[in-house]
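Below is data06.txt, which holds compact mmCIF, C-alpha atoms.
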# COMPACT_ATOMS: atom_id res chain seq x y z
CA MET A 1 22.20 -2.32 -30.92
CA PRO A 2 25.81 -2.37 -29.75
CA GLY A 3 27.38 -5.58 -28.61
CA GLN A 4 25.90 -7.82 -31.30
CA GLN A 5 29.30 -8.63 -32.82
CA HIS A 6 31.41 -8.46 -29.66
CA PRO A 7 33.53 -11.62 -29.51
CA LEU A 8 33.24 -12.00 -25.73
CA ILE A 9 29.46 -11.75 -25.95
CA ALA A 10 29.36 -14.33 -28.74
CA HIS A 11 31.61 -16.67 -26.74
CA LYS A 12 29.62 -16.38 -23.51
CA ILE A 13 26.24 -16.69 -25.24
CA SER A 14 27.47 -19.90 -26.88
CA LEU A 15 28.26 -21.26 -23.41
CA LEU A 16 24.92 -19.98 -22.08
CA ARG A 17 22.94 -21.87 -24.73
CA ASP A 18 24.44 -25.25 -23.83
CA ALA A 19 21.75 -27.40 -22.17
CA ARG A 20 24.45 -29.09 -20.04
CA VAL A 21 25.27 -25.85 -18.19
CA LYS A 22 24.16 -26.01 -14.54
CA PRO A 23 22.29 -23.16 -12.82
CA LYS A 24 25.39 -21.87 -10.99
CA GLN A 25 27.38 -21.44 -14.19
CA PHE A 26 24.30 -20.13 -15.99
CA ARG A 27 23.90 -17.38 -13.36
CA GLU A 28 27.59 -16.53 -13.61
CA LEU A 29 27.39 -16.23 -17.39
CA VAL A 30 24.29 -14.04 -17.18
CA ASN A 31 26.13 -11.80 -14.71
CA GLU A 32 29.23 -11.59 -16.92
CA LEU A 33 27.14 -10.77 -19.98
CA GLY A 34 25.26 -8.18 -17.92
CA ILE A 35 28.51 -6.40 -17.11
CA ILE A 36 29.60 -6.27 -20.77
CA LEU A 37 26.19 -5.11 -21.97
CA GLY A 38 25.97 -2.69 -19.05
CA VAL A 39 29.21 -0.98 -20.04
CA GLU A 40 27.82 -0.50 -23.55
CA ALA A 41 24.41 0.63 -22.33
CA THR A 42 25.95 3.32 -20.10
CA ALA A 43 28.44 4.63 -22.67
CA ASP A 44 26.48 7.82 -23.37
CA LEU A 45 25.56 8.85 -19.82
CA ASP A 46 26.31 12.49 -19.12
CA LEU A 47 29.07 13.67 -16.79
CA ILE A 48 29.53 16.82 -14.73
CA GLU A 49 32.67 18.21 -13.20
CA THR A 50 33.02 18.04 -9.42
CA LYS A 51 36.19 19.57 -7.98
CA GLU A 52 39.95 19.59 -8.31
CA LEU A 53 41.43 16.44 -6.84
CA THR A 54 44.97 15.16 -6.38
CA SER A 55 46.45 11.88 -7.55
CA PRO A 56 49.87 10.64 -6.41
CA MET A 57 51.29 12.39 -9.48
CA GLY A 58 49.39 15.66 -9.56
CA GLN A 59 46.06 17.44 -9.77
CA PHE A 60 43.11 16.48 -11.97
CA GLN A 61 39.54 17.52 -12.54
CA GLY A 62 37.06 15.21 -10.87
CA VAL A 63 33.88 14.15 -12.64
CA LYS A 64 30.76 12.19 -11.74
CA LEU A 65 27.62 10.95 -13.43
CA LYS A 66 25.09 13.71 -13.92
CA ASP A 67 22.01 11.56 -14.40
CA LYS A 68 19.88 9.98 -11.71
CA VAL A 69 19.81 6.36 -12.77
CA ALA A 70 17.46 3.50 -11.91
CA ILE A 71 17.41 -0.20 -12.76
CA PHE A 72 14.12 -1.90 -13.60
CA PRO A 73 14.46 -5.70 -13.65
CA ILE A 74 11.45 -7.52 -15.05
CA MET A 75 10.80 -10.33 -12.60
CA ARG A 76 11.81 -12.92 -12.36
CA ALA A 77 14.52 -13.54 -14.95
CA GLY A 78 15.58 -9.88 -14.97
CA LEU A 79 16.84 -10.32 -11.41
CA GLY A 80 19.77 -12.25 -12.88
CA LEU A 81 21.14 -9.02 -14.38
CA VAL A 82 20.75 -6.79 -11.31
CA ASP A 83 24.10 -7.53 -9.63
CA ALA A 84 25.96 -6.81 -12.86
CA PHE A 85 24.35 -3.39 -13.19
CA LEU A 86 24.78 -2.56 -9.52
CA SER A 87 28.48 -3.36 -9.80
CA LEU A 88 28.66 -0.63 -12.46
CA LEU A 89 26.08 1.74 -10.92
CA PRO A 90 26.20 1.15 -7.15
CA ALA A 91 24.16 4.27 -6.40
CA ALA A 92 21.34 3.29 -8.77
CA ARG A 93 17.85 2.70 -7.44
CA VAL A 94 16.28 -0.68 -8.14
CA HIS A 95 12.56 -0.84 -8.91
CA HIS A 96 11.15 -4.30 -9.55
CA LEU A 97 8.51 -4.79 -12.24
CA GLY A 98 6.38 -7.91 -11.91
CA LEU A 99 5.15 -9.17 -15.28
CA TYR A 100 4.54 -12.67 -16.55
CA ARG A 101 3.44 -14.05 -19.89
CA GLU A 102 0.11 -15.85 -19.87
CA LYS A 103 0.72 -19.24 -21.47
CA ALA A 104 -2.41 -19.50 -23.58
CA THR A 105 -2.46 -15.99 -25.06
CA LEU A 106 1.26 -15.11 -24.65
CA LEU A 107 0.08 -11.69 -23.42
CA PRO A 108 1.79 -9.95 -20.48
CA VAL A 109 0.07 -9.82 -17.08
CA GLU A 110 1.16 -7.29 -14.46
CA TYR A 111 1.33 -8.55 -10.88
CA TYR A 112 3.78 -6.23 -9.10
CA ASN A 113 4.39 -2.50 -9.40
CA LYS A 114 5.64 -0.41 -6.47
CA LEU A 115 6.91 2.59 -8.36
CA PRO A 116 6.97 5.78 -6.28
CA ARG A 117 4.25 8.34 -6.90
CA GLN A 118 6.59 10.73 -8.70
CA CYS A 119 9.32 9.93 -11.21
CA THR A 120 12.66 11.42 -10.13
CA VAL A 121 14.80 9.32 -12.47
CA ASP A 122 16.64 10.67 -15.53
CA VAL A 123 17.63 7.37 -17.15
CA GLY A 124 16.11 3.94 -16.61
CA PHE A 125 17.56 0.56 -17.61
CA VAL A 126 14.96 -2.16 -18.15
CA LEU A 127 16.57 -5.57 -17.64
CA ASP A 128 15.35 -8.87 -19.06
CA PRO A 129 17.68 -11.61 -20.34
CA MET A 130 15.31 -12.59 -23.17
CA ILE A 131 12.98 -10.71 -25.52
CA ALA A 132 10.76 -13.39 -27.01
CA THR A 133 7.42 -12.03 -28.26
CA GLY A 134 8.36 -8.56 -26.99
CA GLY A 135 5.04 -8.21 -25.15
CA THR A 136 6.51 -8.14 -21.65
CA ALA A 137 9.15 -5.57 -22.59
CA ILE A 138 6.55 -3.38 -24.29
CA ALA A 139 4.30 -3.55 -21.22
CA ALA A 140 7.19 -2.67 -18.89
CA ILE A 141 8.16 0.33 -21.01
CA ASN A 142 4.52 1.43 -21.11
CA MET A 143 4.46 1.34 -17.29
CA LEU A 144 7.57 3.50 -17.07
CA LYS A 145 6.36 6.02 -19.64
CA ASP A 146 3.04 6.31 -17.83
CA TRP A 147 5.05 6.94 -14.64
CA GLY A 148 6.81 9.84 -16.40
CA LEU A 149 10.21 8.40 -17.30
CA LYS A 150 11.51 10.00 -20.48
CA ARG A 151 14.78 8.19 -21.22
CA ILE A 152 14.60 4.40 -21.23
CA LYS A 153 17.09 1.75 -22.33
CA LEU A 154 16.18 -1.91 -22.70
CA VAL A 155 18.97 -4.40 -22.07
CA CYS A 156 18.74 -8.08 -22.96
CA ILE A 157 21.08 -10.92 -23.81
CA ILE A 158 19.08 -12.62 -26.59
CA ALA A 159 16.12 -11.33 -28.58
CA SER A 160 14.02 -12.99 -31.23
CA LYS A 161 13.83 -11.02 -34.44
CA PRO A 162 9.99 -10.77 -34.29
CA GLY A 163 10.08 -9.68 -30.65
CA LEU A 164 12.76 -7.09 -31.26
CA GLU A 165 10.83 -5.65 -34.18
CA ALA A 166 7.67 -5.50 -32.05
CA VAL A 167 9.44 -3.49 -29.34
CA GLN A 168 11.04 -1.15 -31.89
CA THR A 169 7.66 -0.54 -33.52
CA ALA A 170 5.90 0.13 -30.21
CA HIS A 171 8.72 2.25 -28.76
CA PRO A 172 11.03 3.63 -31.47
CA ASP A 173 12.51 6.11 -28.99
CA VAL A 174 13.85 3.39 -26.67
CA GLU A 175 17.45 2.29 -27.17
CA ILE A 176 17.82 -1.49 -27.12
CA VAL A 177 21.13 -3.07 -26.16
CA VAL A 178 21.08 -6.75 -27.10
CA GLY A 179 23.76 -9.40 -27.18
CA THR A 180 22.46 -11.32 -30.17
CA VAL A 181 19.32 -11.84 -32.23
CA ASP A 182 17.80 -15.24 -33.07
CA GLU A 183 15.57 -15.47 -36.12
CA VAL A 184 12.98 -17.98 -34.90
CA LEU A 185 10.16 -17.73 -32.36
CA ASP A 186 8.19 -20.98 -31.96
CA THR A 187 4.41 -21.36 -31.49
CA GLN A 188 4.81 -21.44 -27.69
CA GLY A 189 6.64 -18.13 -27.68
CA TYR A 190 10.15 -19.50 -27.09
CA ILE A 191 13.24 -18.23 -28.87
CA VAL A 192 14.98 -20.82 -31.06
CA PRO A 193 17.73 -21.79 -30.44
CA GLY A 194 17.63 -19.40 -27.48
CA VAL A 195 18.44 -20.82 -24.05
CA GLY A 196 15.10 -22.28 -22.98
CA ASP A 197 13.37 -20.71 -19.97
CA SER A 198 16.00 -18.35 -18.56
CA GLY A 199 14.12 -17.93 -15.27
CA ASP A 200 14.06 -21.69 -14.68
CA ARG A 201 17.74 -21.98 -15.55
CA ILE A 202 18.72 -19.09 -13.26
CA PHE A 203 16.64 -20.21 -10.27
CA LYS A 204 16.74 -24.01 -10.82
CA THR A 205 12.95 -24.34 -10.98
CA PHE A 206 12.72 -27.08 -13.56
CA HIS A 207 9.55 -29.10 -13.91
CA ASP A 208 9.58 -32.76 -14.89
Could you write out this file's structure as structure tokens?
Amino acid sequence: MPGQQHPLIAHKISLLRDARVKPKQFRELVNELGIILGVEATADLDLIETKELTSPMGQFQGVKLKDKVAIFPIMRAGLGLVDAFLSLLPAARVHHLGLYREKATLLPVEYYNKLPRQCTVDVGFVLDPMIATGGTAIAAINMLKDWGLKRIKLVCIIASKPGLEAVQTAHPDVEIVVGTVDEVLDTQGYIVPGVGDSGDRIFKTFHD
């Protein structure tokens, strides 16, 4: 899980946690963290040579990404990480996965899935700022494996220790890139100290 000790990630997550942070700054911090985590998550993508090119100082061998890459934000909070990943992977496809956590049971419920009939993706990045119980992430990965995707990476900013362990147990083959891990998950399924409801804080949908 690269990135856990990165000083910039620690600094920005500390800002993100602050209850005084307004939605605009919260979105900006999520985007900045997404870029840092995205660089780490893409560090082992394969390259292929293209052709000889010329710089102002001489010739060099061109390269490009070999893999067909797609981004899978889990709605709605995962949308906050999309721009960061598209800034790094502008040619990536974006496939939205609609899942929410039922409040009483804390189990994931699927409500949106428009994946194409055939999987033509080599590497998929599942995006969700928080892994709380891990149920939503597990369900999303199940959907992608059923679709035929073989190489999946899960990217999140904060995970609870129980949720992270649940995902690792269910999908030991999936690489998880996480900014930091919080020990506590409360009885309502929220990470403590966490950041609260990341979707509400991104989209300013607070309820009195």
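Restricting the calculation to only C-alpha atoms, the smallest distance between Thr133 of chain A and any of A:Leu88, A:Leu185, A:Val174, A:Val82 is found for A:Leu185.
Applying the 9 Å criterion to (10.0, -6.9, -29.1) in file coordinates and using all atoms listed in the file, one obtains the residues A:Ile131, A:Ala132, A:Thr133, A:Gly134, A:Gly135, A:Thr136, A:Ala137, A:Ile138, A:Ala159, A:Ser160, A:Lys161, A:Pro162, A:Gly163, A:Leu164, A:Glu165, A:Ala166, A:Val167, A:Gln168, A:Thr169, A:Ala170.
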*asked:* If we count only C-alpha atoms and set the cut-off at 8 Å, which residues sit around Thr50 of chain A, ignoring sequence neighbours fewer than 6 positions away in its own chain? Please answer as a count of residues only.
replied: 4
_Exercise: segment 95-102 of chain A partners within 12 Å, only C-alpha atoms, chain neighbours under 3 positions left out, as a ChimeraX atom specification_ = /A:69-79,82,92,105-116,119,121,124-128,131-144,188-190,197,199
Dump as CSV the rows for residues of segment 157-193 of chain A within 10 Å of segment 20-41 of chain A: closest atom pair and distance in Å with one decimal, only C-alpha atoms counted, ordered by chain and rising residue number.
residue,atom,partner,partner_atom,distance
A:Ile157,CA,A:Leu33,CA,7.2
A:Glu175,CA,A:Ala41,CA,8.6
A:Ile176,CA,A:Ala41,CA,8.4
A:Val177,CA,A:Ala41,CA,6.3
A:Val178,CA,A:Leu37,CA,7.4
A:Gly179,CA,A:Leu37,CA,7.2
_Length of the atom CA of Thr120 of chain A to atom CA of Trp147 of chain A vector [Å]_ =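 Spanning atom CA of Thr120 of chain A to atom CA of Trp147 of chain A is a straight-line distance of 9.9 Å.
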*Selection as a VMD selection string: residues within 12 Å of (19.6, 15.1, -15.9), counting only C-alpha atoms*: chain A and resid 45 to 48 65 to 69 120 to 124 149 to 151
Can I get the selection written as a CSV table (one decimal), keeping the file's coordinate frame, with C-alpha atoms?
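result06.csv, written as the output of this step:
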chain,number,residue,atom,x,y,z
A,45,LEU,CA,25.6,8.8,-19.8
A,46,ASP,CA,26.3,12.5,-19.1
A,47,LEU,CA,29.1,13.7,-16.8
A,48,ILE,CA,29.5,16.8,-14.7
A,65,LEU,CA,27.6,11.0,-13.4
A,66,LYS,CA,25.1,13.7,-13.9
A,67,ASP,CA,22.0,11.6,-14.4
A,68,LYS,CA,19.9,10.0,-11.7
A,69,VAL,CA,19.8,6.4,-12.8
A,120,THR,CA,12.7,11.4,-10.1
A,121,VAL,CA,14.8,9.3,-12.5
A,122,ASP,CA,16.6,10.7,-15.5
A,123,VAL,CA,17.6,7.4,-17.2
A,124,GLY,CA,16.1,3.9,-16.6
A,149,LEU,CA,10.2,8.4,-17.3
A,150,LYS,CA,11.5,10.0,-20.5
A,151,ARG,CA,14.8,8.2,-21.2
*With all atoms listed in the file as the basis for distance, which of A:Arg17, A:His171, A:Lys145, A:Lys51 is at the shortest distance from Arg201 of chain A?*
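Result for the nearest residue to Arg201 of chain A: A:Arg17.
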Using the file's own x, y and z axes, so that the box edges lie along x, y and z, what centre and edge lengths in Å (one decimal) does a box around every listed atom of segment 190-193 of chain A get when 8 Å is added on each side? Give it as JSON.
{"center_x": 13.9, "center_y": -20.0, "center_z": -29.1, "size_x": 23.6, "size_y": 19.6, "size_z": 20.0}
Export of segment 118-143 of chain A: N, CA, C and O atoms, as a short mmCIF file (atom, residue, chain, number, x, y, z; two decimals), in the first residue's frame:
data_model
loop_
_atom_site.label_atom_id
_atom_site.label_comp_id
_atom_site.auth_asym_id
_atom_site.auth_seq_id
_atom_site.Cartn_x
_atom_site.Cartn_y
_atom_site.Cartn_z
N GLN A 118 -18.56 -6.52 -23.68
CA GLN A 118 -17.26 -7.20 -23.62
C GLN A 118 -16.24 -6.31 -22.92
O GLN A 118 -16.23 -5.09 -23.09
N CYS A 119 -15.35 -6.94 -22.17
CA CYS A 119 -14.27 -6.22 -21.49
C CYS A 119 -13.08 -6.09 -22.45
O CYS A 119 -12.54 -7.11 -22.91
N THR A 120 -12.70 -4.87 -22.76
CA THR A 120 -11.53 -4.62 -23.61
C THR A 120 -10.48 -3.81 -22.86
O THR A 120 -9.66 -3.13 -23.47
N VAL A 121 -10.50 -3.88 -21.56
CA VAL A 121 -9.62 -3.11 -20.70
C VAL A 121 -8.54 -4.02 -20.12
O VAL A 121 -8.83 -5.16 -19.73
N ASP A 122 -7.31 -3.52 -20.06
CA ASP A 122 -6.20 -4.29 -19.48
C ASP A 122 -6.07 -4.02 -17.97
O ASP A 122 -5.82 -4.94 -17.20
N VAL A 123 -6.19 -2.76 -17.60
CA VAL A 123 -6.02 -2.37 -16.20
C VAL A 123 -7.16 -1.43 -15.82
O VAL A 123 -7.47 -0.48 -16.54
N GLY A 124 -7.78 -1.71 -14.67
CA GLY A 124 -8.86 -0.86 -14.19
C GLY A 124 -8.55 -0.29 -12.83
O GLY A 124 -8.04 -0.99 -11.94
N PHE A 125 -8.85 1.01 -12.65
CA PHE A 125 -8.64 1.69 -11.38
C PHE A 125 -10.00 1.99 -10.77
O PHE A 125 -10.77 2.79 -11.31
N VAL A 126 -10.30 1.33 -9.65
CA VAL A 126 -11.54 1.58 -8.93
C VAL A 126 -11.29 2.71 -7.95
O VAL A 126 -10.36 2.65 -7.13
N LEU A 127 -12.13 3.75 -8.03
CA LEU A 127 -11.90 4.96 -7.23
C LEU A 127 -13.01 5.16 -6.20
O LEU A 127 -14.19 5.19 -6.55
N ASP A 128 -12.61 5.31 -4.95
CA ASP A 128 -13.54 5.64 -3.88
C ASP A 128 -12.73 6.29 -2.77
O ASP A 128 -11.77 5.67 -2.28
N PRO A 129 -13.06 7.52 -2.37
CA PRO A 129 -12.23 8.19 -1.36
C PRO A 129 -12.12 7.42 -0.05
O PRO A 129 -11.09 7.47 0.61
N MET A 130 -13.18 6.70 0.35
CA MET A 130 -13.19 6.02 1.64
C MET A 130 -13.49 4.52 1.46
O MET A 130 -14.36 4.15 0.67
N ILE A 131 -12.78 3.69 2.22
CA ILE A 131 -13.17 2.29 2.39
C ILE A 131 -13.55 2.15 3.86
O ILE A 131 -12.69 2.18 4.73
N ALA A 132 -14.84 2.03 4.11
CA ALA A 132 -15.32 1.93 5.49
C ALA A 132 -15.48 0.46 5.88
O ALA A 132 -14.56 -0.17 6.37
N THR A 133 -16.63 -0.12 5.60
CA THR A 133 -16.81 -1.56 5.86
C THR A 133 -16.10 -2.42 4.82
O THR A 133 -15.80 -3.59 5.06
N GLY A 134 -15.86 -1.84 3.64
CA GLY A 134 -15.25 -2.59 2.54
C GLY A 134 -16.28 -3.24 1.63
O GLY A 134 -15.93 -3.73 0.55
N GLY A 135 -17.56 -3.25 2.04
CA GLY A 135 -18.57 -3.95 1.27
C GLY A 135 -18.78 -3.39 -0.13
O GLY A 135 -18.93 -4.14 -1.09
N THR A 136 -18.79 -2.06 -0.24
CA THR A 136 -19.01 -1.44 -1.55
C THR A 136 -17.84 -1.73 -2.49
O THR A 136 -18.04 -2.04 -3.66
N ALA A 137 -16.63 -1.62 -1.97
CA ALA A 137 -15.45 -1.90 -2.79
C ALA A 137 -15.45 -3.36 -3.25
O ALA A 137 -15.14 -3.66 -4.41
N ILE A 138 -15.78 -4.27 -2.34
CA ILE A 138 -15.82 -5.69 -2.70
C ILE A 138 -16.85 -5.93 -3.79
O ILE A 138 -16.59 -6.66 -4.76
N ALA A 139 -18.03 -5.32 -3.65
CA ALA A 139 -19.08 -5.49 -4.66
C ALA A 139 -18.65 -4.93 -6.01
O ALA A 139 -18.91 -5.54 -7.06
N ALA A 140 -17.99 -3.77 -6.01
CA ALA A 140 -17.52 -3.18 -7.27
C ALA A 140 -16.50 -4.08 -7.95
O ALA A 140 -16.54 -4.30 -9.17
N ILE A 141 -15.57 -4.61 -7.18
CA ILE A 141 -14.56 -5.51 -7.74
C ILE A 141 -15.20 -6.79 -8.27
O ILE A 141 -14.82 -7.30 -9.32
N ASN A 142 -16.19 -7.29 -7.54
CA ASN A 142 -16.93 -8.46 -8.03
C ASN A 142 -17.56 -8.19 -9.39
O ASN A 142 -17.51 -9.04 -10.30
N MET A 143 -18.16 -7.01 -9.56
CA MET A 143 -18.78 -6.63 -10.82
C MET A 143 -17.75 -6.65 -11.95
O MET A 143 -18.02 -7.16 -13.05
#
